[in-house]
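Novice: Below is the structure I would like to discuss, written out as structure tokens.
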There are 6 protein chains.
Amino acid sequence: MNDNLGGITNTDEDRLSRGRRIPEQIMGPGVPPGTPATQELAPFFSSWVYESVFGDFYTRPQLDLKTRVFITMVALSVQGRMSQLRGYIGASLNQGWTREEIIEALVQLAPYQGVPATHDALAAAKEVFDAKMASGRP
Amino acid sequence: MNDNLGGITNTDEDRLSRGRRIPEQIMGPGVPPGTPATQELAPFFSSWVYESVFGDFYTRPQLDLKTRVFITMVALSVQGRMSQLRGYIGASLNQGWTREEIIEALVQLAPYQGVPATHDALAAAKEVFDAKMASGRP
Amino acid sequence: MNDNLGGITNTDEDRLSRGRRIPEQIMGPGVPPGTPATQELAPFFSSWVYESVFGDFYTRPQLDLKTRVFITMVALSVQGRMSQLRGYIGASLNQGWTREEIIEALVQLAPYQGVPATHDALAAAKEVFDAKMASGRP
Amino acid sequence: MNDNLGGITNTDEDRLSRGRRIPEQIMGPGVPPGTPATQELAPFFSSWVYESVFGDFYTRPQLDLKTRVFITMVALSVQGRMSQLRGYIGASLNQGWTREEIIEALVQLAPYQGVPATHDALAAAKEVFDAKMASGRP
Amino acid sequence: MNDNLGGITNTDEDRLSRGRRIPEQIMGPGVPPGTPATQELAPFFSSWVYESVFGDFYTRPQLDLKTRVFITMVALSVQGRMSQLRGYIGASLNQGWTREEIIEALVQLAPYQGVPATHDALAAAKEVFDAKMASGRP
Amino acid sequence: MNDNLGGITNTDEDRLSRGRRIPEQIMGPGVPPGTPATQELAPFFSSWVYESVFGDFYTRPQLDLKTRVFITMVALSVQGRMSQLRGYIGASLNQGWTREEIIEALVQLAPYQGVPATHDALAAAKEVFDAKMASGRP
């Protein structure tokens with residue numbers, strides 16, 4: 001994928017190193033994306049996520065990173081994918097969304113995803129907010 | 001919303017107090033709907049659920065409360081929203097559905113929601129039935 | 001399956017003939033369940049639905065047929081399975097549920113399945129009600 | 001619901017008139033939300049959507065209207081609710097999102113909702129863009 | 001159902017005993033399908049799963065058992081039904097699929113079910129593989 | 001991604017040309033994957049699907065192409081993504097699966113995805129089989 005970089009022929013190495021910077025930016029330093037199970041059982045797939053999701057999608061200029069993590073958080077709430085949802089609530093905080101904005105987005109979804117899905121998503125948000133407070137980081 | 005009350009202009013206070021009676025009737029006394037996370041992070045949304053879900057929907061006369069909690073239980077089983085499903089299995093017991101009828105409804109759903117969803121819903125039902133027996137309440 | 005008939009050893013023929021009466025009762029005379037594609041491509045599966053869904057589930061005494069078709073309608077609305085949903089809205093009418101009760105059930109689901117799912121289900125209900133009126137049958 | 005308005009006791013009339021302005025702002029003048037079937041079969045529910053969804057949620061200051069319609073579009077894409085999705089792609093255009101941003105959001109979702117869901121959502125976007133161009137409005 | 005057995009009229013006993021052999025073949029000896037809750041609350045449904053799912057579907061010659069458990073595993077991954085998914089990952093191993101093939105299937109699904117669903121499914125696979133290694137069985 | 005090719009550093013061009021051969025193999029000559037809307041609105045995404053889905057996933061040796069298209073068909077049936085499902089039923093035929101095997105797989109899914117989903121999938125299969133017969137190709 002190189003149409004967002006203006007005609008440069010990328011090798012996989014270029015995409016991989018570009019992709020590896022994104023999770024650090026959105027999850028914070030030292031937090032690898034995905035799960036330990038994925039890294040152990042499917043290293044090919046871990047690399048693919050770095051290159052082909054973070055490297056190819058998140059680096060495109062049409063939407064900024066702040067917007068991308070927010071709409072990803074929305075998608076994960078609708079799907080009820082809880083462990084990934086927690087990751088992207090944290091990523092939204094890291095990208096500058098306030099707690100109030102995150103809560104409001106999960107509430108805005110209630111008439112579409114249903115009230116129970118919003119209850120579940122807010123419980124995930126509380127876990128993320130509490131863990132952040134306990135860690136002493138802003 | 002006042003079309004179910006014949007032309008009275010309701011204030012929000014009317015709807016809220018009407019709505020607050022319903023969860024007590026269906027969940028039993030002292031069991032607030034939703035989750036502690038919702039009440040802490042999104043008090044606006046908790047009030048909205050009381051007013052606009054319990055106050056506006058559950059009080060309409062076209063279907064009785066007993067039927068409403070039963071079809072809500074069905075919806076939550078199909079969606080696999082487990083913590084809310086447990087709440088509405090308990091609510092169905094409180095509204096007079098027997099254990100046999102609740103089990104039968106979850107089994108009736110198997111050809112539509114799939115066998116695994118019925119296994120999961122029956123596991124939720126067993127938790128609710130066992131907790132009720134342990135509490136010594138009928 | 002014979003536990004609902006008290007110790008009689010059923011042959012497949014018994015279950016099949018028992019199962020074949022149910023769709024007529026719920027869909028009305030002359031309306032086979034399922035789709036022409038199923039009957040053409042998978043006659044084994046059509047027979048299985050008669051025997052193992054209609055014959056084994058719908059004939060059990062723990063819930064009456066009127067309740068079974070109603071909760072099936074609810075499940076299909078939550079799943080967004082439109083062609084089957086239309087069939088079970090018609091079946092609910094045939095089993096004695098009023099239009100008002102059917103509409104109210106689909107509205108009751110809105111806070112759980114989402115507002116768009118209720119819009120879609122009400123559009124299906126309107127098609128069924130209009131077709132019934134055009135056919136001149138009650 | 002009045003916590004976003006600072007202690008004023010709203011009557012339903014207040015919420016309804018506030019709620020009725022939102023669909024015009026987001027869908028364009030003369031385009032009622034929901035479907036004709038909903039308005040015909042369930043006028044109670046149509047009013048509830050105006051009051052309790054548009055009047056209570058969309059008017060809160062924590063997120064602006066432009067963000068709300070965008071994340072609603074995202075939710076509808078993930079759910080595959082096609083007719084409502086078309087409405088909110090149009091609403092996103094009306095609120096100032098560019099075609100490029102809308103396309104990019106639907107593509108960003110592909111690793112989460114799946115590639116087929118993005119194909120379907122882009123087909124919906126093309127219909128909306130083409131209808132807008134045919135209408136001669138910007 | 002007897003069309004796969006050439007005109008023999010089966011009694012329920014035939015189907016049940018045929019169906020009981022399958023779970024042993026796919027889950028390993030001594031592992032009943034379904035959950036304890038299902039067996040306790042809904043023995044009718046447990047028998048129905050043996051007869052009408054294992055007895056009627058899994059014994060048909062058009063696809064072998066090895067293929068059936070594999071595509072069932074795929075379906076459960078897409079649905080996110082975790083406890084049943086673990087059972088069918090184990091069943092796939094028992095039927096001769098290698099760990100590499102199972103991992104690869106779950107990865108192949110990522111562009112369709114989404115990356116988070118594949119992360120979740122690989123975590124389930126790791127649990128099954130680790131439990132198998134701890135048990136000392138091949 | 002090059003771990004399936006043994007240490008060769010691939011450029012995007014390599015992956016793209018490798019990926020472009022797959023859809024022809026599975027869909028038949030002259031049938032591009034995805035939809036015209038995707039190709040028009042999101043050419044970046046079309047290329048990404050060629051490279052990062054067909055080029056990276058489908059060419060890995062751990063599962064053959066015949067198995068990959070079959071499990072993709074299963075996933076699309078469970079999700080109810082109809083237009084893509086038709087494409088992968090056709091792809092399964094092209095890869096050597098018989099009509100009987102395809103029908104049997106969709107029937108095998110019924111206890112997991114629900115009976116209505118199997119009815120819908122069989123209707124899609126009939127459309128594909130009929131179109132193939134009308135085209136005079138085997």
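Following the order of the structure tokens, first chain is A, next is B, and so on, with residues numbered from 1 inside each chain and ligands from 1 in the order they appear.
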Which residues are close to Phe45 of chain A, i.e. within 10 Å by only C-alpha atoms, leaving aside same-chain residues fewer than 4 positions away? Reply as a PDB file with N, CA and C atoms, in the first residue's frame.
Specialist:
```
ATOM      1  N   GLY A  34      -3.131  -6.611  20.393  1.00  0.00           N
ATOM      2  CA  GLY A  34      -3.510  -8.018  20.332  1.00  0.00           C
ATOM      3  C   GLY A  34      -3.281  -8.693  21.661  1.00  0.00           C
ATOM      4  N   THR A  38      -2.221 -14.558  20.555  1.00  0.00           N
ATOM      5  CA  THR A  38      -1.968 -14.276  19.145  1.00  0.00           C
ATOM      6  C   THR A  38      -0.469 -14.243  18.868  1.00  0.00           C
ATOM      7  N   GLN A  39       0.274 -13.575  19.746  1.00  0.00           N
ATOM      8  CA  GLN A  39       1.722 -13.477  19.510  1.00  0.00           C
ATOM      9  C   GLN A  39       2.397 -14.846  19.571  1.00  0.00           C
ATOM     10  N   LEU A  41       0.782 -18.032  19.151  1.00  0.00           N
ATOM     11  CA  LEU A  41       0.275 -19.024  18.188  1.00  0.00           C
ATOM     12  C   LEU A  41       0.366 -18.551  16.746  1.00  0.00           C
ATOM     13  N   VAL A  49      -1.182  -7.638  11.399  1.00  0.00           N
ATOM     14  CA  VAL A  49      -1.934  -6.558  12.037  1.00  0.00           C
ATOM     15  C   VAL A  49      -1.088  -5.284  12.086  1.00  0.00           C
ATOM     16  N   TYR A  50       0.203  -5.420  12.437  1.00  0.00           N
ATOM     17  CA  TYR A  50       1.077  -4.246  12.444  1.00  0.00           C
ATOM     18  C   TYR A  50       1.161  -3.598  11.064  1.00  0.00           C
ATOM     19  N   GLU A  51       1.444  -4.447  10.068  1.00  0.00           N
ATOM     20  CA  GLU A  51       1.665  -3.914   8.715  1.00  0.00           C
ATOM     21  C   GLU A  51       0.379  -3.475   8.041  1.00  0.00           C
ATOM     22  N   SER A  52      -0.600  -4.379   8.038  1.00  0.00           N
ATOM     23  CA  SER A  52      -1.753  -4.218   7.147  1.00  0.00           C
ATOM     24  C   SER A  52      -2.923  -3.526   7.815  1.00  0.00           C
TER      25      SER A  52
ATOM     26  N   ILE E 103      -5.143 -22.985  13.721  1.00  0.00           N
ATOM     27  CA  ILE E 103      -4.704 -21.584  13.834  1.00  0.00           C
ATOM     28  C   ILE E 103      -4.925 -20.855  12.512  1.00  0.00           C
ATOM     29  N   GLU E 104      -4.548 -21.520  11.427  1.00  0.00           N
ATOM     30  CA  GLU E 104      -4.664 -20.886  10.114  1.00  0.00           C
ATOM     31  C   GLU E 104      -6.119 -20.591   9.752  1.00  0.00           C
ATOM     32  N   VAL E 107      -7.194 -17.517  11.602  1.00  0.00           N
ATOM     33  CA  VAL E 107      -6.572 -16.338  10.985  1.00  0.00           C
ATOM     34  C   VAL E 107      -7.252 -16.009   9.651  1.00  0.00           C
ATOM     35  N   GLN E 108      -7.554 -17.047   8.865  1.00  0.00           N
ATOM     36  CA  GLN E 108      -8.254 -16.845   7.584  1.00  0.00           C
ATOM     37  C   GLN E 108      -9.567 -16.085   7.780  1.00  0.00           C
ATOM     38  N   ALA E 110     -10.138 -13.677   9.861  1.00  0.00           N
ATOM     39  CA  ALA E 110      -9.981 -12.290  10.332  1.00  0.00           C
ATOM     40  C   ALA E 110     -10.568 -11.245   9.379  1.00  0.00           C
ATOM     41  N   VAL E 115     -10.655  -8.570  13.106  1.00  0.00           N
ATOM     42  CA  VAL E 115      -9.425  -8.893  13.826  1.00  0.00           C
ATOM     43  C   VAL E 115      -9.687  -9.215  15.303  1.00  0.00           C
ATOM     44  N   THR E 118     -10.746 -12.751  15.827  1.00  0.00           N
ATOM     45  CA  THR E 118      -9.647 -13.709  15.674  1.00  0.00           C
ATOM     46  C   THR E 118      -8.752 -13.700  16.903  1.00  0.00           C
ATOM     47  N   HIS E 119      -8.491 -12.526  17.475  1.00  0.00           N
ATOM     48  CA  HIS E 119      -7.744 -12.500  18.745  1.00  0.00           C
ATOM     49  C   HIS E 119      -8.454 -13.362  19.800  1.00  0.00           C
TER      50      HIS E 119
ATOM     51  N   MET F   1       4.447  -8.969   4.256  1.00  0.00           N
ATOM     52  CA  MET F   1       4.286 -10.355   4.712  1.00  0.00           C
ATOM     53  C   MET F   1       5.102 -11.295   3.841  1.00  0.00           C
ATOM     54  N   ASP F  56      -1.849 -11.959   1.017  1.00  0.00           N
ATOM     55  CA  ASP F  56      -1.196 -12.387   2.257  1.00  0.00           C
ATOM     56  C   ASP F  56      -1.818 -13.631   2.876  1.00  0.00           C
ATOM     57  N   PHE F  57      -3.138 -13.763   2.811  1.00  0.00           N
ATOM     58  CA  PHE F  57      -3.800 -14.873   3.510  1.00  0.00           C
ATOM     59  C   PHE F  57      -3.959 -16.095   2.606  1.00  0.00           C
TER      60      PHE F  57
END
```
Novice: Contacts from chain F to chain C, 12 Å maximum, only C-alpha atoms: show me the residue list as a PyMOL selection string.
Specialist: chain F and resi 78-82+99-111+113-130
Novice: Looking only at the backbone, which of the residues in chain D does DSSP tag as helix (DSSP H, G or I), as a PyMOL selection string?
Specialist: chain D and resi 12-27+36-41+43-55+65-79+82-94+99-108+110-113+115-135
Novice: Residues within 12 Å of Ile26 of chain C, please, as a PyMOL selection string. Count only C-alpha atoms; anything in the same chain fewer than 6 positions from it doesn't count.
Specialist: chain C and resi 19-20+32-33+54+58+64-70+72+87-97
